[in-house]
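Peer 1: I'd like to ask you about the structure that follows.
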Amino acid sequence: MAWGMASEACCYVYYPKDKNELMDIFELAKSSGMTVGFRGAGQSYGDASLNGEQILVDLSGWNSILDWDSENGIITVQSGVTIAQLWRRVVSSGWWPPVVPGTMNPTVGGCASMNIHGKNHWQVGSFGEHVIEFEALLPNGQTVRCSRSQSQDLYFGMLGSFGMLGCFLSITLKLKQIASGAVQVTALSAANLDDLLHIIDSHKAEDYVVGWVDCTVVGSSIGRGIVHTARHKELSNKNVLTDDISNNKHELPSAIFGILPAKYLWLFLRMLNHRMGYKIINTVRYYSGLLRNGHGFVQSLAQFNFLLDYIPNWKQVFWPGGLIQYQCFIPFRNAHTVFSKILQCCTDSKLQPYLGVVKRHRKDDFLISCNLDGFSLAMDFSVKDRNRARLSSLLAKLDEIVLDAGGRFYFAKDSTLKPEATRSFLGPKTISRLVELKVMCDPNKMLQSNLSRRILPELHGCQVDK
Ligand SMILES: Cc1cc2nc3c(=O)[nH]c(=O)nc-3n(C[C@H](O)[C@H](O)[C@H](O)COP(=O)(O)OP(=O)(O)OC[C@H]3O[C@@H](n4cnc5c(N)ncnc54)[C@H](O)[C@@H]3O)c2cc1C
């Protein structure tokens, strides 16, 4: 099942112990004419880690830390090591993964494959920018070692190309040095979209900045929300360093407000899974933020970064239909117009997202990338049988708005993108380059997934409808 539970597939799942067993799987696929997909921790919202009726290689067992240089903050891990394993190993030595997603569950291989971003994208770029080198097994039988100076084409091609060129075996990362395991957070309320984008942009030099948007209001308050900025705390007294960055202080609380057991909270939230419920939650959140406008507080890095892990199993709120996230990236100059249009379209179609998040981004040099100098808006929609068709036509309409504005999409979150939209934002030059690399690394077009067949059938030699 996809993480968002809105798509599922039956696959032949293999758990190779090592590179040799993976090679055997490639041979088996070749001789039987089957295709092979990879799965890390299955934390992509859509169908990226599914390969329906075909072979799916689960790499979560490749979870050893191979080398840790705590002096220089350089770590080499197998690709199935999770972000949780990574930060827990390094934090007490005064290091932190420079780019993390909103949950600590993904694997390093999955993060490299989607070239993920965090709440600090403007400042530090995407995950791939901190990969010193990686080793990968290609379906053509070759094992390659890639870095910015060695096999550059594959380095910039594989980081972000959603598992279509080869399998990451090990990845070496440069971590971020921290003086303390805490961040000083400031909450700033924004009365409307204009305000929100302005606050985010004017705080982009902070270590982290992220905006939450109330997607349930329109009119003059459209796009209102709360921005959180955070700065790594510096310690004047070095003696408290060891204590402050100890793991215990980092872990997320198991109770909310000190009394409510977090693991049962989804049951309560489930009662609010309807339009009126979203309105209530968002309104309460907005006004409570307004009351604390400008207030500062201290959080551990894990608490600040992995907000979505506070409530275990929260996605069960949306069972059985699941949830879809729609994240679009819009150039700076068009962001205000486009986000207003998008929020208005959602309201007009009576399909309001229950959650909206805005981040500031910068451009990068990876072959397959959603990143540009601008903002992204990520909106979470609850999927129900009765709204599935309407949701899909709403998202197709949003795709057009995004493309007209020179916007881009992110495959780790995507569930609905059509090939025309993918071609339009990637452009013919990028697609032909990806196809060239694919022919070189995977001549039998073995590596596929439900996502790749849906968004870019020509990658697998399928006829392209013009
Ligand atoms: C609650 C939540 C919050 C999130 N927040 C963010 C966020 O803030 N920013 C962000 O960028 N993303 C975010 N994500 C998305 C997530 O970080 C990505 O989807 C990530 O790729 C998931 O990693 P995974 O290990 O689960 O990979 P999977 O979902 O299992 O696979 C993702 C892709 O990686 C490929 N892959 C996996 N392992 C390998 C390997 N060893 N070699 C080659 N290919 C491989 C798969 O084929 C697939 O295409 C979030 C997801 C969730 C559920």
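Here, A, B, ... name the chains of the structure tokens in the order displayed, residue numbers run from 1 inside each chain, and ligands are numbered from 1 in the same displayed order.
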For region 306-309 of chain A, find every residue with an atom within 7 Å (counting only C-alpha atoms), except residues of its own chain fewer than 4 positions away, and show them as a count of residues only.
Peer 2: 4
Peer 1: Using 9 Å as the limit and counting only C-alpha atoms, can you tabulate each residue of region 32-60 of chain A that touches region 415-418 of chain A, with its shortest atom-to-atom distance in Å and the two atoms involved, as CSV?
Peer 2:
residue,atom,partner,partner_atom,distance
A:Tyr45,CA,A:Ser415,CA,7.4
A:Gly46,CA,A:Ser415,CA,4.6
A:Asp47,CA,A:Ser415,CA,6.4
A:Ala48,CA,A:Ser415,CA,8.6
Peer 1: Take the selection from the previous step and output its residues with all heavy atoms, as a PDB file, in the first residue's frame.
Peer 2:
ATOM      1  N   TYR A  45       3.987   9.465  -0.397  1.00  0.00           N
ATOM      2  CA  TYR A  45       2.530   9.551  -0.254  1.00  0.00           C
ATOM      3  C   TYR A  45       1.796   8.725  -1.324  1.00  0.00           C
ATOM      4  O   TYR A  45       0.782   8.110  -1.052  1.00  0.00           O
ATOM      5  CB  TYR A  45       2.081  11.016  -0.396  1.00  0.00           C
ATOM      6  CG  TYR A  45       2.183  11.812   0.882  1.00  0.00           C
ATOM      7  CD1 TYR A  45       3.422  12.144   1.413  1.00  0.00           C
ATOM      8  CD2 TYR A  45       1.040  12.258   1.537  1.00  0.00           C
ATOM      9  CE1 TYR A  45       3.516  12.896   2.580  1.00  0.00           C
ATOM     10  CE2 TYR A  45       1.128  13.015   2.694  1.00  0.00           C
ATOM     11  CZ  TYR A  45       2.368  13.329   3.209  1.00  0.00           C
ATOM     12  OH  TYR A  45       2.463  14.071   4.356  1.00  0.00           O
ATOM     13  N   GLY A  46       2.326   8.764  -2.565  1.00  0.00           N
ATOM     14  CA  GLY A  46       1.624   8.125  -3.684  1.00  0.00           C
ATOM     15  C   GLY A  46       2.207   6.769  -4.041  1.00  0.00           C
ATOM     16  O   GLY A  46       2.615   6.006  -3.167  1.00  0.00           O
ATOM     17  N   ASP A  47       2.283   6.505  -5.364  1.00  0.00           N
ATOM     18  CA  ASP A  47       2.597   5.153  -5.832  1.00  0.00           C
ATOM     19  C   ASP A  47       4.071   4.927  -6.181  1.00  0.00           C
ATOM     20  O   ASP A  47       4.391   4.006  -6.925  1.00  0.00           O
ATOM     21  CB  ASP A  47       1.702   4.818  -7.036  1.00  0.00           C
ATOM     22  CG  ASP A  47       1.700   5.931  -8.083  1.00  0.00           C
ATOM     23  OD1 ASP A  47       2.465   6.898  -7.903  1.00  0.00           O
ATOM     24  OD2 ASP A  47       0.948   5.840  -9.064  1.00  0.00           O
ATOM     25  N   ALA A  48       4.970   5.761  -5.637  1.00  0.00           N
ATOM     26  CA  ALA A  48       6.392   5.644  -5.995  1.00  0.00           C
ATOM     27  C   ALA A  48       7.008   4.323  -5.569  1.00  0.00           C
ATOM     28  O   ALA A  48       7.915   3.804  -6.213  1.00  0.00           O
ATOM     29  CB  ALA A  48       7.182   6.791  -5.361  1.00  0.00           C
TER      30      ALA A  48
END
Peer 1: Give me, please, the distance in Å between CA of Ala378 (chain A) and CA of Pro261 (chain A), quoted to one decimal.
Peer 2: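 That distance, rounded to one decimal, is 28.1 Å.
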Peer 1: My list of candidates is A:Arg408, A:Lys363, A:Arg292, A:Lys350. Which is closest to Ser376 (chain A) when distances are computed with only C-alpha atoms?
Peer 2: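 Nearest to Ser376 (chain A): A:Arg408.
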Peer 1: To one decimal place, how far is CA of Glu133 (chain A) from CA of Phe156 (chain A) in Å?
Peer 2: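 A separation of 11.0 Å between them.
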Peer 1: Choose the residue, out of A:Cys167, A:Val338, A:Ala421, A:Leu22, that has the smallest atom-to-atom separation from Gly110 (chain A); count only C-alpha atoms.
Peer 2: A:Cys167
Peer 1: Just the alpha helix (DSSP H) stuff from region 130-252 of chain A, please, per backbone DSSP, written as a PyMOL selection string.
Peer 2: chain A and resi 152-158+193-202+241-244+247-250
Peer 1: Extract, using only C-alpha atoms, all DNA, RNA and protein residues at most 10 Å from region 215-217 of chain A, discarding same-chain residues fewer than 6 positions from it, and format them as a list in words.
Peer 2: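 So the residues in contact are Asn192, Gly223, Arg224, Gly225, Arg275, Met276, Tyr278, Lys279, Ile280, Ile281, Asn282, Thr283, Ile342, Leu343, Gln344, Cys346, Thr347, Lys350, Leu351, Gln352, Pro353, Tyr354, Leu355, Gly356, Val357, Met379 and Asp380 of chain A.
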Peer 1: In Å, with one decimal, what is the gap from CA of Tyr326 (chain A) to CA of Lys413 (chain A)?
Peer 2: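 That distance, rounded to one decimal, is 6.6 Å.
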Peer 1: Show me, as a list in words, the residues that have an atom within 12 Å of Leu269 (chain A) when counting only C-alpha atoms, minus same-chain residues fewer than 3 positions from it.
Peer 2: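 Close residues of Leu269 (chain A): Ala262, Lys263, Tyr264, Leu265, Trp266, Leu272, Asn273, His274, Gly277, Tyr278, Ile280, Ile281, Ile311, Asn313, Trp314, Lys315, Gln316, Val317, Phe318, Trp319 and Tyr354 of chain A.
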Peer 1: If we count only C-alpha atoms, what is near region 442-457 of chain A at a cut-off of 9 Å, once residues fewer than 5 positions away on the same chain are taken out, given as a PyMOL selection string?
Peer 2: chain A and resi 9+26+29-30+33-38+46-52+54+56+138-140+162-166+411+414-423+431+437+462-464
Peer 1: Just checking: using only C-alpha atoms and all ligand atoms, which residue out of A:Trp96, A:Phe127, A:Phe339, A:Phe375 ends up closest to ligand 1?
Peer 2: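 For ligand 1, the nearest of the given residues is A:Phe127.
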Peer 1: Using only C-alpha atoms, which residues sit within 7 Å of Asn105 (chain A) once same-chain residues fewer than 2 positions away are excluded, as number ranges by chain?
Peer 2: A: 41, 82-84, 103, 107
Peer 1: Now that the selection is made, can you save its residues with all heavy atoms as a short mmCIF file (atom, residue, chain, number, x, y, z; two decimals), in the first residue's frame?
Peer 2:
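part.cif was written with the following content:
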data_model
loop_
_atom_site.label_atom_id
_atom_site.label_comp_id
_atom_site.auth_asym_id
_atom_site.auth_seq_id
_atom_site.Cartn_x
_atom_site.Cartn_y
_atom_site.Cartn_z
N ALA A 41 11.26 2.76 2.94
CA ALA A 41 10.33 2.58 4.07
C ALA A 41 8.88 2.78 3.62
O ALA A 41 7.97 2.80 4.45
CB ALA A 41 10.68 3.57 5.17
N THR A 82 17.35 4.41 8.35
CA THR A 82 16.32 5.46 8.36
C THR A 82 16.88 6.77 8.92
O THR A 82 17.93 6.78 9.58
CB THR A 82 15.11 5.04 9.24
OG1 THR A 82 15.59 4.88 10.58
CG2 THR A 82 14.47 3.76 8.76
N ILE A 83 16.13 7.83 8.68
CA ILE A 83 16.52 9.14 9.22
C ILE A 83 16.52 9.07 10.75
O ILE A 83 17.35 9.68 11.42
CB ILE A 83 15.55 10.23 8.70
CG1 ILE A 83 15.65 10.37 7.17
CG2 ILE A 83 15.78 11.57 9.38
CD1 ILE A 83 16.97 10.90 6.65
N ALA A 84 15.60 8.28 11.32
CA ALA A 84 15.54 8.12 12.78
C ALA A 84 16.84 7.50 13.30
O ALA A 84 17.44 7.98 14.27
CB ALA A 84 14.34 7.25 13.16
N THR A 103 8.91 13.64 8.64
CA THR A 103 8.82 12.43 9.44
C THR A 103 10.21 11.79 9.47
O THR A 103 10.97 11.93 8.51
CB THR A 103 7.81 11.42 8.87
OG1 THR A 103 8.01 10.15 9.50
CG2 THR A 103 7.97 11.22 7.37
N THR A 107 13.91 6.10 4.60
CA THR A 107 15.29 5.61 4.53
C THR A 107 16.16 6.63 3.80
O THR A 107 15.66 7.46 3.03
CB THR A 107 15.39 4.27 3.77
OG1 THR A 107 14.99 4.50 2.40
CG2 THR A 107 14.50 3.20 4.39
#
Peer 1: Between A:Asp69, A:Asp365, A:Glu21, A:Glu436, single out the one closest to Tyr155 (chain A), counting only C-alpha atoms.
Peer 2: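 Checking each candidate against Tyr155 (chain A), we get A:Asp365 as the closest.
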